[in-house]
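K.L.:
Handing over final19.tsv, TSV, C-alpha atoms.
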```tsv
chain	number	residue	atom	x	y	z
W	587	MET	CA	0.00	0.00	0.00
W	588	THR	CA	1.36	3.42	-0.98
W	589	LYS	CA	2.13	5.69	1.96
W	590	GLN	CA	0.10	8.89	1.85
W	591	PRO	CA	2.46	11.83	1.28
W	592	LYS	CA	2.67	14.63	3.83
W	593	TYR	CA	1.02	17.06	1.41
W	594	LEU	CA	-2.18	15.03	1.14
W	595	ARG	CA	-2.25	14.38	4.90
W	596	ASN	CA	-1.94	18.09	5.61
W	597	MET	CA	-4.62	18.99	3.07
W	598	VAL	CA	-7.30	16.76	4.62
W	599	PRO	CA	-8.76	19.47	6.93
W	600	GLN	CA	-8.92	22.02	4.08
W	601	ILE	CA	-10.58	19.52	1.75
W	602	LYS	CA	-13.17	18.55	4.38
W	603	GLU	CA	-13.87	22.17	5.24
W	604	LYS	CA	-14.37	23.19	1.62
W	605	TYR	CA	-16.16	20.14	0.22
W	606	GLY	CA	-17.73	18.41	3.23
W	607	GLU	CA	-16.98	14.99	4.70
W	608	GLU	CA	-18.58	12.80	2.04
W	609	LYS	CA	-17.18	14.57	-1.00
W	610	ALA	CA	-13.80	14.94	0.73
W	611	ARG	CA	-13.56	11.15	1.11
W	612	GLU	CA	-14.29	10.74	-2.60
W	613	ILE	CA	-11.66	13.33	-3.55
W	614	LEU	CA	-8.99	11.91	-1.24
W	615	THR	CA	-9.57	8.34	-2.36
W	616	ASN	CA	-9.21	9.40	-5.99
W	617	ALA	CA	-6.12	11.51	-5.21
W	618	GLU	CA	-4.44	8.64	-3.38
W	619	ARG	CA	-5.20	6.29	-6.27
W	620	ARG	CA	-3.79	8.75	-8.79
W	621	TYR	CA	-0.72	9.36	-6.63
W	622	ALA	CA	0.01	5.62	-6.42
W	623	ALA	CA	-0.35	5.35	-10.21
W	624	LEU	CA	2.11	8.22	-10.73
W	625	LEU	CA	4.66	6.56	-8.47
W	626	GLU	CA	4.26	3.26	-10.28
W	627	GLU	CA	4.55	4.84	-13.71
W	628	ASN	CA	7.71	6.68	-12.68
W	629	LYS	CA	9.28	4.10	-10.38
W	630	ASP	CA	12.52	4.05	-12.38
W	631	GLU	CA	13.20	7.78	-12.08
W	632	PRO	CA	16.61	8.80	-10.73
W	633	ARG	CA	16.90	9.00	-6.96
W	634	ALA	CA	17.60	12.75	-7.21
W	635	TYR	CA	13.99	13.27	-8.29
W	636	SER	CA	12.53	11.62	-5.22
W	637	TRP	CA	11.81	14.47	-2.81
W	638	GLN	CA	10.59	17.08	-5.29
W	639	LYS	CA	8.38	14.69	-7.18
W	640	ARG	CA	7.15	12.30	-4.49
W	641	GLU	CA	6.45	14.94	-1.85
W	642	ARG	CA	5.42	17.99	-3.87
W	643	ILE	CA	4.82	17.49	-7.58
W	644	TYR	CA	3.00	14.16	-7.83
W	645	PRO	CA	0.70	14.73	-4.80
W	646	SER	CA	-0.28	18.12	-6.24
W	647	ILE	CA	-1.00	16.67	-9.67
W	648	ALA	CA	-3.03	13.85	-8.11
W	649	LEU	CA	-5.14	16.20	-6.01
W	650	PHE	CA	-5.69	18.61	-8.88
W	651	HIS	CA	-7.14	15.89	-11.10
W	652	ALA	CA	-9.19	14.46	-8.24
W	653	LEU	CA	-10.74	17.88	-7.67
W	654	VAL	CA	-11.49	18.31	-11.37
W	655	ASP	CA	-13.01	14.81	-11.48
W	656	ALA	CA	-15.28	15.87	-8.61
W	657	GLY	CA	-16.57	18.85	-10.60
W	658	THR	CA	-14.26	21.67	-9.50
W	659	GLU	CA	-13.32	24.20	-12.18
W	660	ARG	CA	-9.70	23.93	-13.23
W	661	GLU	CA	-8.75	27.45	-12.14
W	662	GLU	CA	-10.31	26.92	-8.73
W	663	ALA	CA	-8.65	23.52	-8.38
W	664	ALA	CA	-5.22	24.94	-9.23
W	665	ALA	CA	-5.62	27.76	-6.70
W	666	PHE	CA	-6.72	25.30	-4.01
W	667	VAL	CA	-3.84	22.89	-4.67
W	668	THR	CA	-1.11	25.53	-4.69
W	669	GLY	CA	-2.66	27.54	-1.84
W	670	TYR	CA	-0.96	25.10	0.51
W	671	TYR	CA	2.45	26.09	-0.82
W	672	ARG	CA	1.57	29.77	-0.64
W	673	ARG	CA	0.82	29.37	3.05
W	674	LEU	CA	4.12	27.57	3.59
W	675	ALA	CA	5.95	30.33	1.71
W	676	GLU	CA	4.29	33.04	3.79
W	677	ARG	CA	5.40	31.34	7.01
W	678	ALA	CA	8.93	30.84	5.67
W	679	ALA	CA	9.07	34.49	4.60
W	680	SER	CA	8.16	35.59	8.12
W	681	VAL	CA	10.95	33.45	9.59
W	682	ILE	CA	13.49	34.77	7.07
W	683	ARG	CA	12.61	38.38	7.83
W	684	THR	CA	13.00	37.72	11.54
W	685	VAL	CA	16.38	36.03	11.14
W	686	LEU	CA	17.68	38.80	8.88
W	687	LYS	CA	17.14	41.35	11.62
W	688	ILE	CA	20.55	40.18	12.85
W	689	PRO	CA	22.85	43.08	11.85
W	690	GLY	CA	24.80	42.47	8.65
W	691	LEU	CA	23.46	38.98	8.05
W	692	TYR	CA	21.63	40.06	4.88
W	693	ARG	CA	25.02	40.49	3.15
W	694	LEU	CA	25.46	36.71	3.16
W	695	VAL	CA	22.12	35.96	1.53
W	696	PRO	CA	22.98	36.21	-2.21
W	697	LYS	CA	25.83	33.70	-1.90
W	698	LEU	CA	23.81	31.42	0.38
W	699	PHE	CA	20.86	31.48	-2.04
W	700	PHE	CA	23.14	30.84	-5.02
W	701	ASP	CA	25.00	27.94	-3.40
W	702	THR	CA	21.87	26.30	-1.99
W	703	ALA	CA	19.80	26.63	-5.15
W	704	LEU	CA	22.48	25.26	-7.44
W	705	LYS	CA	23.32	22.43	-5.07
W	706	HIS	CA	19.79	21.09	-5.42
W	707	CYS	CA	18.76	22.37	-8.86
W	708	VAL	CA	20.92	19.95	-10.82
W	709	PRO	CA	20.29	18.10	-14.10
W	710	GLU	CA	19.98	14.81	-12.20
W	711	ALA	CA	16.91	16.27	-10.48
W	712	GLY	CA	15.37	17.61	-13.69
W	713	PHE	CA	16.68	21.20	-13.52
W	714	LEU	CA	18.91	23.03	-15.98
W	715	THR	CA	20.50	26.39	-15.23
W	716	GLU	CA	22.47	28.78	-17.40
W	717	ASN	CA	24.25	32.16	-17.09
W	718	ARG	CA	25.29	31.60	-13.50
W	719	PHE	CA	27.03	34.52	-11.81
W	720	LEU	CA	27.91	35.40	-8.22
W	721	SER	CA	29.70	38.46	-6.84
W	722	LYS	CA	30.13	40.09	-3.44
W	723	THR	CA	26.91	42.05	-3.93
W	724	GLY	CA	24.62	39.82	-5.94
W	725	MET	CA	23.87	36.68	-7.86
W	726	ARG	CA	21.88	35.55	-10.85
W	727	PHE	CA	21.12	32.46	-12.86
W	728	ASP	CA	18.53	31.43	-15.44
W	729	MET	CA	16.41	28.34	-14.88
W	730	VAL	CA	15.68	27.00	-18.36
W	731	ARG	CA	14.32	23.59	-17.40
W	732	CYS	CA	12.25	22.68	-14.35
W	733	PRO	CA	10.70	19.36	-13.25
W	734	TYR	CA	7.61	21.20	-12.00
W	735	GLN	CA	6.97	22.50	-15.51
W	736	ASP	CA	7.88	19.24	-17.22
W	737	SER	CA	5.72	17.07	-14.96
W	738	CYS	CA	2.69	19.34	-14.83
W	739	VAL	CA	2.66	19.76	-18.61
W	740	ARG	CA	3.14	16.02	-19.09
W	741	TYR	CA	0.17	15.23	-16.85
W	742	GLY	CA	-2.18	17.88	-18.18
W	743	CYS	CA	-2.14	20.53	-15.46
W	744	PRO	CA	0.24	23.32	-16.57
W	745	GLU	CA	-1.77	25.87	-14.58
W	746	LEU	CA	-0.21	24.50	-11.39
W	747	VAL	CA	3.24	25.79	-12.34
W	748	LYS	CA	2.26	29.43	-11.92
W	749	GLY	CA	1.37	28.75	-8.29
W	750	PHE	CA	4.67	27.01	-7.66
W	751	CYS	CA	6.60	29.92	-9.21
W	752	ASP	CA	4.66	32.46	-7.16
W	753	THR	CA	5.81	30.89	-3.90
W	754	ASP	CA	9.37	32.04	-4.63
W	755	ASP	CA	8.21	35.64	-4.89
W	756	ILE	CA	6.25	35.29	-1.66
W	757	CYS	CA	9.17	33.75	0.19
W	758	TYR	CA	12.03	35.89	-1.11
W	759	GLY	CA	10.42	39.07	-2.41
W	760	ASN	CA	10.58	41.02	0.83
W	761	MET	CA	13.40	39.51	2.87
W	762	HIS	CA	15.15	42.71	3.86
W	763	SER	CA	15.08	46.39	2.92
W	764	ARG	CA	18.59	46.08	1.47
W	765	LEU	CA	17.98	42.97	-0.58
W	766	PHE	CA	16.39	43.28	-4.02
W	767	TRP	CA	14.64	40.22	-5.49
W	768	GLY	CA	14.80	41.00	-9.18
W	769	ARG	CA	13.20	38.05	-10.95
W	770	THR	CA	11.08	39.31	-13.86
W	771	LYS	CA	10.35	36.10	-15.77
W	772	THR	CA	9.00	32.70	-14.79
W	773	ILE	CA	8.29	29.54	-16.72
W	774	GLY	CA	5.00	29.21	-14.88
W	775	HIS	CA	3.80	32.54	-16.25
W	776	GLY	CA	4.63	31.55	-19.82
W	777	ASP	CA	8.21	32.78	-20.15
W	778	ALA	CA	11.00	30.66	-21.61
W	779	LEU	CA	12.93	30.74	-18.33
W	780	CYS	CA	13.01	31.95	-14.74
W	781	ASP	CA	15.61	34.72	-14.39
W	782	PHE	CA	16.62	34.49	-10.75
W	783	LYS	CA	18.30	37.68	-9.48
W	784	LEU	CA	19.15	38.78	-5.96
W	785	ARG	CA	21.38	41.68	-5.01
W	786	ILE	CA	22.34	43.98	-2.17
W	787	THR	CA	20.99	47.48	-2.78
W	788	GLU	CA	22.93	49.53	-0.23
W	789	GLY	CA	26.23	51.30	-0.87
W	790	TYR	CA	28.14	48.33	0.56
W	791	ARG	CA	31.38	47.90	-1.36
W	792	SER	CA	34.78	46.32	-1.00
W	793	ARG	CA	37.84	46.54	-3.22
W	794	ARG	CA	36.97	43.23	-4.84
W	795	SER	CA	33.17	43.58	-4.87
W	796	ALA	CA	32.97	44.05	-8.63
W	797	GLU	CA	34.87	40.84	-9.31
W	798	PRO	CA	32.84	37.65	-9.76
W	799	LEU	CA	33.35	34.86	-7.27
W	800	HIS	CA	31.93	32.42	-9.81
W	801	LYS	CA	31.10	32.80	-13.46
W	802	THR	CA	30.46	29.32	-14.71
W	803	GLY	CA	28.38	29.84	-17.83
W	804	LYS	CA	26.16	26.83	-18.39
```
Just give me the structure as structure tokens.

P.N.:
Amino acid sequence: MTKQPKYLRNMVPQIKEKYGEEKAREILTNAERRYAALLEENKDEPRAYSWQKRERIYPSIALFHALVDAGTEREEAAAFVTGYYRRLAERAASVIRTVLKIPGLYRLVPKLFFDTALKHCVPEAGFLTENRFLSKTGMRFDMVRCPYQDSCVRYGCPELVKGFCDTDDICYGNMHSRLFWGRTKTIGHGDALCDFKLRITEGYRSRRSAEPLHKTGK
């Protein structure tokens, strides 16, 4: 028997509140069945895919289609499915803002974001990045392939990707008054890529601040 992912477990109260006990049981049963089928169909995927797909992408796809099967309009279903991640992003954003009240800590954020993102967003996990650049005062990279986009398009729910992309803006868009989140394009909103940009906006400078720490190209 397939173990119910954390996402579906956490969504049970919201589903019951919105749709009532009887319809919620129908939706959850269908979602669990669809989730198990997705795991079976993709059982040979690389291990690097496991967390993103098993815990976030496939449960979301499964619930979306279960909601649509139960008569929910697609736009409403997409908003309901990704609303969970918006709430998580809002809580994370609050924590980040609190932590960055520590004097000077914000100066470390561009490098930390760059290193963390590119450690996990690797081709083995379905991501492809280009134009990577990191300096003392900022970072940027373009995300030209994303497993969220690929999977949601493959399984007929591309409207979910917008919600996933929006959680980045919620989480990182207002971290600190001296950090500028400059992303202007996202795959989920129909662009060819996500242009991740984060820089320090104060007059902070050092003799070597204009020199890149990394410029790796593709």

K.L.:
Please provide as a list in words all residues within 12 Å of Asp655 in chain W, with the sequence filter that same-chain residues fewer than 3 positions apart are discarded (counting only C-alpha atoms).

P.N.:
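In the requested format, the answer is Lys609, Glu612, Ile613, Leu614, Thr615, Asn616, Ala617, Arg620, Ala648, Leu649, Phe650, His651, Ala652, Thr658, Glu659, Arg660 and Ala663 of chain W.
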
K.L.:
Just give me the gap between CA of Ala664 in chain W and CA of Asp630 in chain W in Å, one decimal is fine.

P.N.:
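CA of Asp630 in chain W lies 27.6 Å from CA of Ala664 in chain W.
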
K.L.:
For Leu746 in chain W, which residue among W:Leu714, W:Leu691, W:Leu624, W:Ile773 is the nearest when counting all atoms listed in the file?

P.N.:
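Ranking W:Leu714, W:Leu691, W:Leu624, W:Ile773 by distance to Leu746 in chain W, first place goes to W:Ile773.
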
K.L.:
Quick one: everything within 6 Å of range 730-742 of chain W, counting only C-alpha atoms, minus sequence neighbours fewer than 3 positions away in the same chain. Send it as a short mmCIF file (atom, residue, chain, number, x, y, z; two decimals) with C-alpha atoms, in the coordinates of the input.

P.N.:
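In the end it all went to out.cif:
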```
data_model
loop_
_atom_site.label_atom_id
_atom_site.label_comp_id
_atom_site.auth_asym_id
_atom_site.auth_seq_id
_atom_site.Cartn_x
_atom_site.Cartn_y
_atom_site.Cartn_z
CA GLY W 712 15.37 17.61 -13.69
CA PHE W 713 16.68 21.20 -13.52
CA LEU W 714 18.91 23.03 -15.98
CA THR W 715 20.50 26.39 -15.23
CA VAL W 747 3.24 25.79 -12.34
CA LEU W 779 12.93 30.74 -18.33
#
```

K.L.:
Kindly indicate which residue among W:Leu784, W:Cys757, W:Ala622, W:Ala778 lies nearest to Val681 in chain W, using all atoms listed in the file for the distances.

P.N.:
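Going through W:Leu784, W:Cys757, W:Ala622, W:Ala778 one by one, the smallest distance to Val681 in chain W is for W:Cys757.
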
K.L.:
Could you tell me which of W:Pro709, W:Pro591, W:Gly774, W:Gly749 comes closest to Lys639 in chain W if we count all atoms listed in the file?

P.N.:
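Between W:Pro709, W:Pro591, W:Gly774, W:Gly749, the residue approaching Lys639 in chain W most closely is W:Pro591.
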
K.L.:
What is the distance between CA of Asp755 in chain W and CA of Met597 in chain W, in Å to one decimal?

P.N.:
22.5 Å

K.L.:
Any idea what the distance is between CA of Arg673 in chain W and CA of Leu594 in chain W?

P.N.:
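Between CA of Arg673 in chain W and CA of Leu594 in chain W the gap is 14.8 Å.
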
K.L.:
Between W:Glu710, W:Glu662, W:Met761, W:Thr684, which residue has the minimum interatomic distance to Pro632 in chain W, considering all atoms listed in the file?

P.N.:
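Using all atoms listed in the file, Pro632 in chain W sits closest to W:Glu710.
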
K.L.:
Using only C-alpha atoms, pick whichever of W:Phe727, W:Phe766, W:Phe719, W:Tyr671 has the shortest atom-to-atom distance to Tyr692 in chain W.

P.N.:
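Closest candidate: W:Phe766.
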
K.L.:
Taking into account all atoms listed in the file, which residue in the set W:Leu625, W:Gln638, W:Arg633, W:Ser646 is nearest to Tyr593 in chain W?

P.N.:
W:Ser646

K.L.:
Up to 7 Å from (24.3, 43.8, -4.3) in the file's coordinates: name the residues, counting all atoms listed in the file, as a PyMOL selection string.

P.N.:
chain W and resi 722-724+785-787

K.L.:
Pick out the residues sitting within 12 Å of Pro599 in chain W, and hand them over as a VMD selection string; count all atoms listed in the file, and ignore anything fewer than 5 positions along from it in its own chain.

P.N.:
chain W and resid 593 to 594 604 to 607 610 to 611 614 670

K.L.:
Hey, what's within 9 Å of Phe700 in chain W if we count all atoms listed in the file and toss same-chain stuff fewer than 3 positions away? As a list in words, please?

P.N.:
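Neighbouring residues, sequence-local ones excluded: Val695, Pro696, Lys697, Ala703, Leu704, Lys705, Arg718, Phe719, Leu720, Met725, Arg726, Phe727 and Leu784 of chain W.
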